[in-house]
Structure formats: C-alpha cells, structure tokens
>>> print(open('input.tsv').read())   # TSV, C-alpha atoms
chain	number	residue	atom	x	y	z
D	1	MET	CA	30.74	30.05	-9.43
D	2	ASP	CA	30.96	26.46	-10.68
D	3	ASP	CA	27.92	26.11	-12.97
D	4	ARG	CA	27.43	22.49	-11.82
D	5	LEU	CA	26.42	23.84	-8.43
D	6	THR	CA	23.48	25.88	-9.72
D	7	PRO	CA	20.12	24.60	-8.40
D	8	LYS	CA	18.97	23.84	-11.95
D	9	ASN	CA	21.99	21.67	-12.71
D	10	GLN	CA	21.74	19.94	-9.37
D	11	ASN	CA	18.05	19.22	-10.00
D	12	ASN	CA	18.91	17.85	-13.41
D	13	SER	CA	21.55	15.54	-11.97
D	14	ILE	CA	19.18	14.33	-9.23
D	15	GLU	CA	16.28	13.77	-11.62
D	16	ASP	CA	18.59	11.99	-14.05
D	17	ALA	CA	19.82	9.68	-11.29
D	18	LEU	CA	16.28	8.96	-10.09
D	19	HIS	CA	14.98	8.20	-13.58
D	20	SER	CA	17.96	5.97	-14.39
D	21	TYR	CA	18.00	4.15	-11.01
D	22	PRO	CA	18.31	0.54	-12.19
D	23	SER	CA	15.81	-2.23	-11.42
D	24	VAL	CA	17.16	-5.46	-9.99
D	25	PRO	CA	16.77	-8.57	-12.18
D	26	MET	CA	15.20	-11.71	-10.69
D	27	PRO	CA	17.97	-14.09	-9.56
D	28	ARG	CA	15.75	-17.09	-10.44
D	29	ASP	CA	12.20	-17.81	-11.56
D	30	ILE	CA	9.93	-18.48	-8.58
D	31	THR	CA	6.78	-19.43	-10.53
D	32	ALA	CA	7.25	-23.18	-9.93
D	33	ASN	CA	7.80	-22.66	-6.18
D	34	VAL	CA	4.73	-20.44	-5.85
D	35	MET	CA	2.54	-22.86	-7.80
D	36	SER	CA	3.69	-25.89	-5.79
D	37	GLN	CA	2.91	-24.00	-2.57
D	38	ILE	CA	-0.53	-23.04	-3.92
D	39	ARG	CA	-1.30	-26.61	-4.99
D	40	ALA	CA	-0.28	-27.87	-1.55
D	41	THR	CA	-2.69	-25.46	0.14
D	42	PRO	CA	-6.27	-26.74	-0.16
D	43	ALA	CA	-8.77	-24.15	-1.33
D	44	PRO	CA	-11.00	-22.98	1.52
D	45	ARG	CA	-14.39	-24.76	1.38
D	46	PHE	CA	-17.58	-24.25	3.33
D	47	GLU	CA	-18.16	-27.30	5.47
D	48	PHE	CA	-19.59	-28.21	8.90
D	49	THR	CA	-17.16	-29.49	11.48
D	50	ARG	CA	-17.84	-31.74	14.49
D	51	ASN	CA	-17.67	-28.67	16.77
D	52	ASP	CA	-20.48	-26.98	14.79
D	53	PHE	CA	-22.76	-30.00	15.37
D	54	LEU	CA	-21.79	-30.14	19.05
D	55	LEU	CA	-22.52	-26.44	19.58
D	56	ALA	CA	-25.89	-26.74	17.78
D	57	ALA	CA	-26.83	-29.74	20.00
D	58	VAL	CA	-25.93	-27.87	23.22
D	59	VAL	CA	-27.94	-24.77	22.17
D	60	ALA	CA	-30.95	-26.99	21.25
D	61	VAL	CA	-30.81	-28.82	24.62
D	62	VAL	CA	-30.59	-25.54	26.59
D	63	LEU	CA	-33.49	-23.98	24.66
D	64	GLY	CA	-35.56	-27.16	25.12
D	65	ALA	CA	-34.84	-27.17	28.86
D	66	ILE	CA	-35.92	-23.51	29.18
D	67	ILE	CA	-39.17	-24.10	27.28
D	68	PHE	CA	-39.92	-27.31	29.19
D	69	GLY	CA	-39.17	-25.55	32.52
D	70	PHE	CA	-41.54	-22.68	31.79
D	71	ARG	CA	-44.30	-25.00	30.67
D	72	SER	CA	-44.08	-27.10	33.81
D	73	LEU	CA	-44.20	-24.12	36.21
D	74	PRO	CA	-47.44	-23.74	38.25
D	75	PRO	CA	-49.74	-20.88	37.04
D	76	HIS	CA	-49.38	-18.72	40.21
D	77	VAL	CA	-45.56	-18.71	39.86
D	78	LEU	CA	-45.89	-17.61	36.22
D	79	LEU	CA	-48.20	-14.81	37.32
D	80	GLN	CA	-45.71	-13.69	39.97
D	81	MET	CA	-42.94	-13.63	37.34
D	82	ARG	CA	-45.08	-11.56	34.99
D	83	ILE	CA	-45.72	-9.02	37.78
D	84	GLN	CA	-41.97	-8.80	38.50
D	85	VAL	CA	-41.20	-8.24	34.80
D	86	ILE	CA	-43.79	-5.44	34.60
D	87	LEU	CA	-42.30	-3.80	37.72
D	88	LEU	CA	-38.77	-4.06	36.34
D	89	TRP	CA	-39.83	-2.51	33.02
D	90	GLN	CA	-41.59	0.37	34.77
D	91	SER	CA	-38.57	1.08	36.95
D	92	PHE	CA	-36.37	1.07	33.84
D	93	LEU	CA	-38.66	3.59	32.12
D	94	VAL	CA	-38.46	5.91	35.14
D	95	ASN	CA	-34.66	5.73	35.26
D	96	ALA	CA	-34.29	5.96	31.49
D	97	ARG	CA	-34.89	9.73	31.80
D	98	TRP	CA	-31.35	9.87	33.19
D	99	LEU	CA	-29.96	6.95	31.25
D	100	ILE	CA	-30.48	8.42	27.76
D	101	PRO	CA	-28.59	11.72	28.36
D	102	ALA	CA	-25.90	9.74	30.21
D	103	ILE	CA	-25.40	7.50	27.15
D	104	PHE	CA	-25.16	10.55	24.87
D	105	PHE	CA	-22.60	12.27	27.11
D	106	GLY	CA	-20.61	9.05	27.33
D	107	LEU	CA	-20.53	8.70	23.54
D	108	ALA	CA	-19.48	12.35	23.15
D	109	ALA	CA	-16.67	11.81	25.66
D	110	VAL	CA	-15.45	8.71	23.78
D	111	LEU	CA	-15.51	10.54	20.43
D	112	ALA	CA	-13.62	13.49	21.94
D	113	ALA	CA	-11.01	11.10	23.35
D	114	LEU	CA	-10.55	9.54	19.90
D	115	THR	CA	-9.37	12.91	18.49
D	116	ILE	CA	-6.55	13.21	21.06
D	117	PRO	CA	-3.90	11.21	19.04
D	118	ALA	CA	-4.60	13.29	15.91
D	119	LEU	CA	-4.34	16.52	17.92
D	120	ILE	CA	-1.04	15.40	19.46
D	121	GLN	CA	0.30	14.52	16.00
D	122	MET	CA	-0.76	17.91	14.61
D	123	THR	CA	0.91	19.82	17.45
D	124	THR	CA	4.15	17.81	17.21
D	125	HIS	CA	4.35	18.42	13.43
D	126	ARG	CA	3.80	22.13	13.96
D	127	GLN	CA	6.58	22.20	16.52
D	128	ARG	CA	8.90	20.57	14.00
Y	1	MET	CA	-1.50	-16.03	-28.10
Y	2	ALA	CA	-0.87	-13.74	-25.18
Y	3	GLN	CA	-3.99	-13.28	-23.09
Y	4	SER	CA	-4.97	-10.00	-21.55
Y	5	GLU	CA	-4.27	-9.54	-17.87
Y	6	HIS	CA	-7.96	-9.07	-17.20
Y	7	THR	CA	-8.76	-12.51	-18.65
Y	8	LEU	CA	-5.92	-14.11	-16.70
Y	9	ILE	CA	-7.22	-12.57	-13.46
Y	10	GLN	CA	-10.76	-13.75	-14.16
Y	11	ARG	CA	-9.56	-17.27	-14.91
Y	12	SER	CA	-7.38	-17.27	-11.78
Y	13	GLN	CA	-10.35	-16.17	-9.69
Y	14	LYS	CA	-12.14	-19.29	-10.93
Y	15	GLY	CA	-9.21	-21.40	-9.70
Y	16	ASP	CA	-7.20	-21.76	-12.94
Y	17	HIS	CA	-3.62	-22.49	-11.87
Y	18	ASP	CA	-2.11	-21.96	-15.33
Y	19	ALA	CA	-3.59	-18.48	-15.56
Y	20	PHE	CA	-2.22	-17.58	-12.15
Y	21	ALA	CA	1.21	-18.98	-13.10
Y	22	ALA	CA	1.19	-16.60	-16.07
Y	23	LEU	CA	0.43	-13.69	-13.73
Y	24	VAL	CA	3.26	-14.73	-11.39
Y	25	ASP	CA	5.60	-14.99	-14.36
Y	26	GLU	CA	4.67	-11.49	-15.51
Y	27	HIS	CA	4.77	-9.64	-12.18
Y	28	GLN	CA	7.40	-11.39	-10.06
Y	29	ARG	CA	10.26	-9.10	-11.12
Y	30	TYR	CA	8.39	-5.95	-10.08
Y	31	VAL	CA	7.45	-7.40	-6.69
Y	32	TYR	CA	10.99	-8.71	-6.15
Y	33	ASN	CA	12.50	-5.37	-7.17
Y	34	LEU	CA	10.43	-3.47	-4.62
Y	35	ALA	CA	11.01	-6.07	-1.88
Y	36	LEU	CA	14.78	-6.11	-2.44
Y	37	HIS	CA	15.07	-2.32	-2.43
Y	38	VAL	CA	13.21	-2.18	0.87
Y	39	ILE	CA	14.57	-5.28	2.65
Y	40	LYS	CA	18.10	-5.22	1.16
Y	41	ASP	CA	18.51	-8.98	1.47
Y	42	GLU	CA	18.29	-11.16	-1.63
Y	43	ASN	CA	17.02	-14.34	0.05
Y	44	GLU	CA	14.51	-12.55	2.22
Y	45	ALA	CA	13.27	-10.57	-0.79
Y	46	LEU	CA	12.75	-13.84	-2.71
Y	47	ASP	CA	10.84	-15.32	0.25
Y	48	LEU	CA	8.72	-12.21	0.49
Y	49	THR	CA	7.96	-12.28	-3.25
Y	50	GLN	CA	6.87	-15.89	-2.98
Y	51	GLU	CA	4.71	-15.16	0.07
Y	52	THR	CA	3.15	-12.20	-1.75
Y	53	PHE	CA	1.90	-14.43	-4.56
Y	54	VAL	CA	0.64	-17.14	-2.19
Y	55	ARG	CA	-1.34	-14.50	-0.30
Y	56	ALA	CA	-2.52	-12.98	-3.57
Y	57	TRP	CA	-3.90	-16.39	-4.59
Y	58	THR	CA	-5.96	-16.74	-1.40
Y	59	ALA	CA	-7.13	-13.11	-1.56
Y	60	LEU	CA	-7.82	-13.14	-5.31
Y	61	PRO	CA	-11.60	-13.61	-4.96
Y	62	ASN	CA	-11.63	-10.22	-3.17
Y	63	PHE	CA	-9.81	-8.44	-6.03
Y	64	LYS	CA	-12.47	-6.32	-7.71
Y	65	GLY	CA	-10.23	-4.71	-10.33
Y	66	GLN	CA	-10.60	-1.20	-8.90
Y	67	SER	CA	-6.82	-0.77	-9.02
Y	68	GLN	CA	-4.19	-2.27	-11.29
Y	69	PHE	CA	-3.18	-5.83	-10.44
Y	70	ARG	CA	0.42	-4.76	-9.90
Y	71	THR	CA	-0.64	-1.99	-7.50
Y	72	TRP	CA	-2.74	-4.55	-5.61
Y	73	LEU	CA	0.31	-6.84	-5.36
Y	74	TYR	CA	2.36	-3.89	-4.10
Y	75	ARG	CA	-0.16	-3.43	-1.32
Y	76	ILE	CA	0.41	-7.03	-0.23
Y	77	VAL	CA	4.20	-6.83	-0.47
Y	78	THR	CA	4.19	-3.51	1.42
Y	79	ASN	CA	2.20	-5.06	4.26
Y	80	LEU	CA	4.66	-7.96	4.39
Y	81	CYS	CA	7.53	-5.43	4.50
Y	82	TYR	CA	5.82	-3.69	7.42
Y	83	ASN	CA	5.76	-7.05	9.24
Y	84	ARG	CA	9.47	-7.59	8.61
Y	85	LEU	CA	10.49	-4.00	9.40
Y	86	PRO	CA	8.17	-2.85	12.19
Y	87	ASN	CA	9.62	0.70	12.15
Y	88	LEU	CA	8.98	1.20	8.44
Y	89	ARG	CA	5.33	2.17	8.79
Y	90	ARG	CA	6.06	4.64	11.59
Y	91	SER	CA	8.99	6.18	9.72
Y	92	LEU	CA	6.72	6.79	6.73
Y	93	THR	CA	4.00	8.52	8.76
Y	94	ASP	CA	6.70	10.52	10.59
Y	95	PHE	CA	7.41	12.42	7.37
Y	96	GLY	CA	4.38	14.51	8.27
Y	97	ASP	CA	2.13	16.00	5.62
Y	98	ASP	CA	3.43	19.55	5.29
Y	99	VAL	CA	2.90	20.09	1.58
Y	100	MET	CA	6.25	20.94	0.04
Y	101	SER	CA	7.00	22.25	-3.41
Y	102	ASP	CA	8.45	19.36	-5.33
Y	103	LEU	CA	11.51	19.53	-7.52
Y	104	PRO	CA	10.60	19.63	-11.19
Y	105	ASP	CA	10.43	16.18	-12.75
Y	106	THR	CA	12.04	17.26	-16.02
Y	107	HIS	CA	15.70	16.88	-16.79
Y	108	THR	CA	17.86	17.72	-19.77
Y	109	ILE	CA	20.46	15.44	-21.31
Y	110	ASN	CA	24.00	16.64	-21.83
Y	111	SER	CA	25.26	16.55	-25.39
Y	112	ASN	CA	28.82	17.53	-24.51
Y	113	PRO	CA	30.98	14.29	-24.41
Y	114	ALA	CA	33.17	15.55	-21.53
Y	115	ARG	CA	30.10	16.44	-19.53
Y	116	GLU	CA	28.57	13.07	-20.47
Y	117	VAL	CA	31.47	11.21	-18.82
Y	118	GLU	CA	31.22	13.42	-15.77
Y	119	SER	CA	27.46	12.97	-15.52
Y	120	ASN	CA	27.90	9.19	-15.73
Y	121	GLU	CA	30.18	9.42	-12.75
Y	122	ILE	CA	27.69	11.60	-10.85
Y	123	ARG	CA	24.84	9.27	-11.79
Y	124	LYS	CA	26.73	6.27	-10.38
Y	125	TYR	CA	27.53	8.21	-7.23
Y	126	LEU	CA	23.89	9.25	-6.76
Y	127	HIS	CA	22.70	5.67	-7.34
Y	128	GLN	CA	24.98	4.66	-4.49
Y	129	ILE	CA	23.45	7.42	-2.38
Y	130	ILE	CA	19.93	6.12	-3.17
Y	131	ASP	CA	21.05	2.63	-2.15
Y	132	ASP	CA	22.24	4.05	1.17
Y	133	LEU	CA	19.01	5.96	1.88
Y	134	ASP	CA	16.55	4.68	4.50
Y	135	ALA	CA	14.12	1.93	3.47
Y	136	ASN	CA	11.15	4.33	3.50
Y	137	HIS	CA	12.85	6.68	1.01
Y	138	ARG	CA	13.93	3.82	-1.24
Y	139	MET	CA	10.40	2.44	-1.25
Y	140	LEU	CA	8.97	5.77	-2.39
Y	141	ILE	CA	11.67	6.21	-5.05
Y	142	VAL	CA	11.08	2.74	-6.53
Y	143	MET	CA	7.32	3.33	-6.69
Y	144	ARG	CA	7.60	6.82	-8.15
Y	145	TYR	CA	10.53	6.51	-10.57
Y	146	GLN	CA	10.80	2.84	-11.50
Y	147	ASP	CA	7.12	1.95	-11.53
Y	148	GLU	CA	6.01	5.45	-12.48
Y	149	LEU	CA	3.10	5.46	-10.04
Y	150	SER	CA	1.48	8.83	-9.41
Y	151	TYR	CA	1.70	10.48	-6.00
Y	152	GLU	CA	-2.01	9.74	-5.53
Y	153	GLU	CA	-1.52	6.05	-6.35
Y	154	ILE	CA	1.39	5.78	-3.88
Y	155	ALA	CA	-0.62	7.57	-1.19
Y	156	SER	CA	-3.58	5.24	-1.66
Y	157	LEU	CA	-1.36	2.15	-1.80
Y	158	LEU	CA	0.51	3.01	1.40
Y	159	ASN	CA	-2.61	4.44	3.04
Y	160	LEU	CA	-0.84	7.73	3.70
Y	161	PRO	CA	-1.86	11.35	3.13
Y	162	LEU	CA	-0.75	12.76	-0.25
Y	163	GLY	CA	1.35	15.41	1.55
Y	164	THR	CA	3.31	12.71	3.39
Y	165	VAL	CA	4.29	11.01	0.13
Y	166	LYS	CA	5.40	14.33	-1.39
Y	167	THR	CA	7.33	15.25	1.75
Y	168	GLY	CA	9.03	11.85	1.81
Y	169	LEU	CA	10.22	12.21	-1.79
Y	170	PHE	CA	11.23	15.81	-1.19
Y	171	ARG	CA	13.37	14.77	1.78
Y	172	ALA	CA	14.98	11.97	-0.26
Y	173	LYS	CA	15.91	14.50	-2.94
Y	174	GLN	CA	17.22	16.89	-0.30
Y	175	LYS	CA	19.54	14.17	0.97
Y	176	MET	CA	20.71	13.54	-2.58
Y	177	ARG	CA	21.29	17.25	-3.08
Y	178	LEU	CA	23.45	17.42	0.07
Y	179	ALA	CA	25.42	14.39	-1.12
Y	180	LEU	CA	25.92	16.05	-4.50
Y	181	GLU	CA	27.24	19.22	-2.87
Y	182	ARG	CA	29.60	17.09	-0.80
Y	183	PHE	CA	30.73	15.30	-3.98
Y	184	TYR	CA	31.56	18.58	-5.75
Y	185	SER	CA	33.33	20.08	-2.75
Y	186	GLU	CA	35.46	16.92	-2.29
Y	187	GLU	CA	36.25	16.92	-6.00
Y	188	ARG	CA	37.35	20.57	-5.83
Y	189	TRP	CA	39.46	19.78	-2.79
Y	190	THR	CA	41.28	16.92	-4.56
Y	191	THR	CA	41.84	18.88	-7.80
Y	192	ALA	CA	43.03	22.06	-5.98
>>> encode(input="input.tsv", output="structure tokens")
Amino acid sequence: MDDRLTPKNQNNSIEDALHSYPSVPMPRDITANVMSQIRATPAPRFEFTRNDFLLAAVVAVVLGAIIFGFRSLPPHVLLQMRIQVILLWQSFLVNARWLIPAIFFGLAAVLAALTIPALIQMTTHRQR
Amino acid sequence: MAQSEHTLIQRSQKGDHDAFAALVDEHQRYVYNLALHVIKDENEALDLTQETFVRAWTALPNFKGQSQFRTWLYRIVTNLCYNRLPNLRRSLTDFGDDVMSDLPDTHTINSNPAREVESNEIRKYLHQIIDDLDANHRMLIVMRYQDELSYEEIASLLNLPLGTVKTGLFRAKQKMRLALERFYSEERWTTA
C-alpha cells in the first residue's frame, strides 16, 4: 500500500496545509478612511428634543385636566364612584380564585411551547 | 514608544481619535483577512472591515475587556458577515453538536528533499481545496489555524455550542481528506 495513503500521513498533510494556510495581506491601509468616517459621525450626546418637550406638555395637561375634573365633581357623584370601585375590587377578588391558577397554567403552556424548536432540532439531528 | 493595547483602548473609550487610529492600524489586517476568506470579494471585504471599525468606535464604551480586543472585533465582523450572507448563520448551526473525535493537531515535517517537493505540491493543492470550501468552514479554519483561537473562544464568539465548532472543523478536514485521496488516485492513474 502507498504509505502516503495511511491515515497518519494524510492527517499530517492536512494539518500541515491548515497550519500553513496563508493570510491575505491588506490591499491598502484603511485607517484614514475609518477615521474620516468617525470624525464625520457626531458622538451621541444626551439632549432634549422638541418632541420631548411637546410630550411632557401633553402629559402635564392631561394630568391637570384629570385632577381638575375630579376636584370639581359634586360629592355624591364621588361617593357613587367610590362604591363602584369597591364593588369592582370585590368581584375581582372572588374571580381571582380562578384567575391565579389560569395564569399559572397559561405560563406553563407558553414555556412548554418554547421547548418545541429545541426538541425538533434534537430529533432531526438524531435522525441524521 | 509603543503603547499597550489596554492603554490605547482606554484612551479610545475617552474619545481619543489618535489612539483609535493606532488600534485600527494594528488590527485591520486580521479583520480583513477573516472578512475576505468568508465573503470572497476584495472590495466587499474592505467595506466590511471599514464598517467593523466604525461600529467598534460607537460600541467601544460597552467594551469591558472581558475578551481580547481582536476577538471582540471578530464578533462585530462575524455579525456583519451574517447580514451579508443570510445562510451563513444557519449553515453553522446545521453542523449539529454531535461531539466528534478531532484529528490530532500535531504534524511532522519531512526531511527528505524529494518528499519535501511532493509535500509542497500537496500543500498547494490542499490550500486550493480550503479556498473552495463553504464560507462556514473557511471561517472556522481562519479562526482556528490562522488566529489560533481555542475551540471555546470560537464557540463563544460565534455563539455556538462547543460541539458544533468541533463538528464543523471535523467536517472541513473530512472534505480535505477526500480531496487528498482523490489527488493520490488521480496521480496514480496518470503515472500508471
């Protein structure tokens, strides 16, 4: 048998080729190009824009309107609202007995669904 | 006086352009080498190298020095390569992570002059075979054999399981082995 075909000699040839695989030299220096691009790009700074001021003004106006509205409501309407809130809260507490297990089961189902891609990948690799 | 890389990085993080230019000067050939071996187009590889450094500049405040600077640059250039070659990422994960026994990394040098000439010829042929391998294999070979990164470093850089990196390199070597067998059989055929 040709001794060049022995696994050891083949491995040697392959390793030799891999270790001597040549790097490619740079065709030209790109430092100047990179630096001019960097200088042209302004460094990110923290600053308020006109939109930030506009958004803050809208939020302030809405909050002010809500507070002013509540303050100007007659006392019996406020009392009615408070009763409704208490009733809503009580009804929530009664239904929460079912809500909490439902949330847990929902989360478990989502987590189980997340494992499906990994399981598919594992089975396809095993088939290969 | 040459400054240490650590100092240059610190100065660059504070916005020193000269320090960053020194880092670009030092690392551009490694980034370009990897980009060219993956993309196989000189102009696109140059563009990609340039883009890598521009992105590195903007992301530099986030560099904490947990990995080597060059490895960090490789992460950026690899992500850019994924953008250019959308199938590259999938082809890497498709290697699977069946742990395979790797070929030994040691090799002996021939002292026989006749064998030396022959091995030069084989080496050239195998280099051509590496050039013709898929981009995913070439990327792993450049990282492992030219940049001498460990399997663990490559796995962390490419965000792949260690087994996948080993399998990828194993498959590349298998392809080279097949090419070598073909080379010898063709040579025997022509000399017979």
>>> closest_atom_pairs(input="input.tsv", of="chain Y", to="chain D", cutoff="9 Å", atoms="all atoms listed in the file", output="Markdown table")
| residue | atom | partner | partner_atom | distance |
| --- | --- | --- | --- | --- |
| Y:Gly15 | CA | D:Ala43 | CA | 8.8 |
| Y:His17 | CA | D:Met35 | CA | 7.4 |
| Y:Asp18 | CA | D:Met35 | CA | 8.9 |
| Y:Phe20 | CA | D:Met35 | CA | 8.3 |
| Y:Ala21 | CA | D:Thr31 | CA | 6.2 |
| Y:Ala22 | CA | D:Thr31 | CA | 8.4 |
| Y:Val24 | CA | D:Thr31 | CA | 5.9 |
| Y:Asp25 | CA | D:Thr31 | CA | 6.0 |
| Y:Gln28 | CA | D:Ile30 | CA | 7.7 |
| Y:Arg29 | CA | D:Met26 | CA | 5.6 |
| Y:Tyr30 | CA | D:Ser23 | CA | 8.4 |
| Y:Tyr32 | CA | D:Met26 | CA | 6.9 |
| Y:Asn33 | CA | D:Val24 | CA | 5.4 |
| Y:Leu34 | CA | D:Ser23 | CA | 8.8 |
| Y:Leu36 | CA | D:Val24 | CA | 7.9 |
| Y:His37 | CA | D:Val24 | CA | 8.4 |
| Y:Glu42 | CA | D:Pro27 | CA | 8.5 |
| Y:Leu46 | CA | D:Ile30 | CA | 8.0 |
| Y:Thr49 | CA | D:Ile30 | CA | 8.4 |
| Y:Gln50 | CA | D:Val34 | CA | 5.8 |
| Y:Glu51 | CA | D:Val34 | CA | 7.9 |
| Y:Phe53 | CA | D:Val34 | CA | 6.8 |
| Y:Val54 | CA | D:Ile38 | CA | 6.3 |
| Y:Trp57 | CA | D:Ile38 | CA | 7.5 |
| Y:Thr58 | CA | D:Ala43 | CA | 7.9 |
| Y:Asp94 | CA | D:His125 | CA | 8.7 |
| Y:Gly96 | CA | D:His125 | CA | 6.5 |
| Y:Asp97 | CA | D:His125 | CA | 8.5 |
| Y:Asp98 | CA | D:His125 | CA | 8.3 |
| Y:Leu103 | CA | D:Asn11 | CA | 7.0 |
| Y:Pro104 | CA | D:Asn11 | CA | 7.6 |
| Y:Asp105 | CA | D:Glu15 | CA | 6.4 |
| Y:Thr106 | CA | D:Glu15 | CA | 7.0 |
| Y:His107 | CA | D:Asn12 | CA | 4.8 |
| Y:Thr108 | CA | D:Asn12 | CA | 6.4 |
| Y:Ile109 | CA | D:Asp16 | CA | 8.3 |
| Y:Ser119 | CA | D:Ser13 | CA | 7.4 |
| Y:Ile122 | CA | D:Ser13 | CA | 7.4 |
| Y:Arg123 | CA | D:Ala17 | CA | 5.1 |
| Y:Lys124 | CA | D:Ala17 | CA | 7.8 |
| Y:Tyr125 | CA | D:Ala17 | CA | 8.8 |
| Y:Leu126 | CA | D:Ala17 | CA | 6.1 |
| Y:His127 | CA | D:Tyr21 | CA | 6.2 |
| Y:Ile130 | CA | D:Tyr21 | CA | 8.3 |
| Y:Ile141 | CA | D:Leu18 | CA | 7.4 |
| Y:Val142 | CA | D:Tyr21 | CA | 8.4 |
| Y:Tyr145 | CA | D:His19 | CA | 5.6 |
| Y:Gln146 | CA | D:His19 | CA | 7.1 |
| Y:Lys173 | CA | D:Ile14 | CA | 7.1 |
| Y:Met176 | CA | D:Ile14 | CA | 6.9 |
| Y:Arg177 | CA | D:Gln10 | CA | 6.9 |
| Y:Leu180 | CA | D:Gln10 | CA | 7.5 |
| Y:Glu181 | CA | D:Leu5 | CA | 7.3 |
| Y:Tyr184 | CA | D:Leu5 | CA | 7.8 |
>>> residues_around(input="input.tsv", residues="region 69-80 of chain Y", least_positions_apart="3", cutoff="6 Å", atoms="only C-alpha atoms", output="NGL selection string")
:Y and (52 or 83 or 157)
>>> closest_residue(input="input.tsv", among="Y:His6, Y:Arg90, Y:His27, Y:Arg84", to="Leu160 (chain Y)", atoms="all atoms listed in the file")
Y:Arg90
>>> axis_aligned_box(input="input.tsv", around="region 159-170 of chain Y", padding_each_side="6 Å", output="AutoDock Vina command-line options")
--center_x 4.3 --center_y 10.1 --center_z 1.0 --size_x 25.8 --size_y 23.4 --size_z 17.5
>>> atom_distance(input="input.tsv", atom1="CA of Leu140 (chain Y)", atom2="CA of Gly168 (chain Y)")
7.4 Å
>>> build_atoms(input="input.tsv", residues="region 140-162 of chain Y", atoms="N, CA and C atoms", output="short mmCIF file (atom, residue, chain, number, x, y, z; two decimals), keeping the file's coordinate frame")
data_model
loop_
_atom_site.label_atom_id
_atom_site.label_comp_id
_atom_site.auth_asym_id
_atom_site.auth_seq_id
_atom_site.Cartn_x
_atom_site.Cartn_y
_atom_site.Cartn_z
N LEU Y 140 9.67 4.71 -1.65
CA LEU Y 140 8.97 5.77 -2.39
C LEU Y 140 9.62 6.00 -3.76
N ILE Y 141 10.95 5.97 -3.78
CA ILE Y 141 11.67 6.21 -5.05
C ILE Y 141 11.36 5.11 -6.06
N VAL Y 142 11.37 3.86 -5.61
CA VAL Y 142 11.08 2.74 -6.53
C VAL Y 142 9.67 2.90 -7.10
N MET Y 143 8.71 3.20 -6.23
CA MET Y 143 7.32 3.33 -6.69
C MET Y 143 7.16 4.49 -7.66
N ARG Y 144 7.81 5.60 -7.35
CA ARG Y 144 7.60 6.82 -8.15
C ARG Y 144 8.39 6.78 -9.46
N TYR Y 145 9.66 6.36 -9.40
CA TYR Y 145 10.53 6.51 -10.57
C TYR Y 145 10.71 5.22 -11.37
N GLN Y 146 10.65 4.08 -10.72
CA GLN Y 146 10.80 2.84 -11.50
C GLN Y 146 9.45 2.36 -12.00
N ASP Y 147 8.45 2.45 -11.14
CA ASP Y 147 7.12 1.95 -11.53
C ASP Y 147 6.22 3.05 -12.05
N GLU Y 148 6.72 4.28 -11.96
CA GLU Y 148 6.01 5.45 -12.48
C GLU Y 148 4.58 5.55 -11.95
N LEU Y 149 4.41 5.26 -10.67
CA LEU Y 149 3.10 5.46 -10.04
C LEU Y 149 2.95 6.94 -9.71
N SER Y 150 1.71 7.42 -9.75
CA SER Y 150 1.48 8.83 -9.41
C SER Y 150 1.54 8.99 -7.89
N TYR Y 151 1.68 10.24 -7.45
CA TYR Y 151 1.70 10.48 -6.00
C TYR Y 151 0.41 9.96 -5.36
N GLU Y 152 -0.71 10.17 -6.06
CA GLU Y 152 -2.01 9.74 -5.53
C GLU Y 152 -2.05 8.22 -5.38
N GLU Y 153 -1.52 7.52 -6.40
CA GLU Y 153 -1.52 6.05 -6.35
C GLU Y 153 -0.67 5.55 -5.17
N ILE Y 154 0.50 6.20 -4.98
CA ILE Y 154 1.39 5.78 -3.88
C ILE Y 154 0.70 6.04 -2.55
N ALA Y 155 0.06 7.22 -2.45
CA ALA Y 155 -0.62 7.57 -1.19
C ALA Y 155 -1.72 6.56 -0.87
N SER Y 156 -2.48 6.18 -1.90
CA SER Y 156 -3.58 5.24 -1.66
C SER Y 156 -3.03 3.85 -1.33
N LEU Y 157 -1.95 3.48 -2.02
CA LEU Y 157 -1.36 2.15 -1.80
C LEU Y 157 -0.79 2.02 -0.39
N LEU Y 158 -0.12 3.09 0.07
CA LEU Y 158 0.51 3.01 1.40
C LEU Y 158 -0.42 3.51 2.50
N ASN Y 159 -1.63 3.93 2.07
CA ASN Y 159 -2.61 4.44 3.04
C ASN Y 159 -2.04 5.61 3.83
N LEU Y 160 -1.45 6.55 3.08
CA LEU Y 160 -0.84 7.73 3.70
C LEU Y 160 -1.44 8.97 3.07
N PRO Y 161 -1.40 10.12 3.77
CA PRO Y 161 -1.86 11.35 3.13
C PRO Y 161 -0.94 11.72 1.95
N LEU Y 162 -1.52 12.38 0.95
CA LEU Y 162 -0.75 12.76 -0.25
C LEU Y 162 0.47 13.60 0.15
#
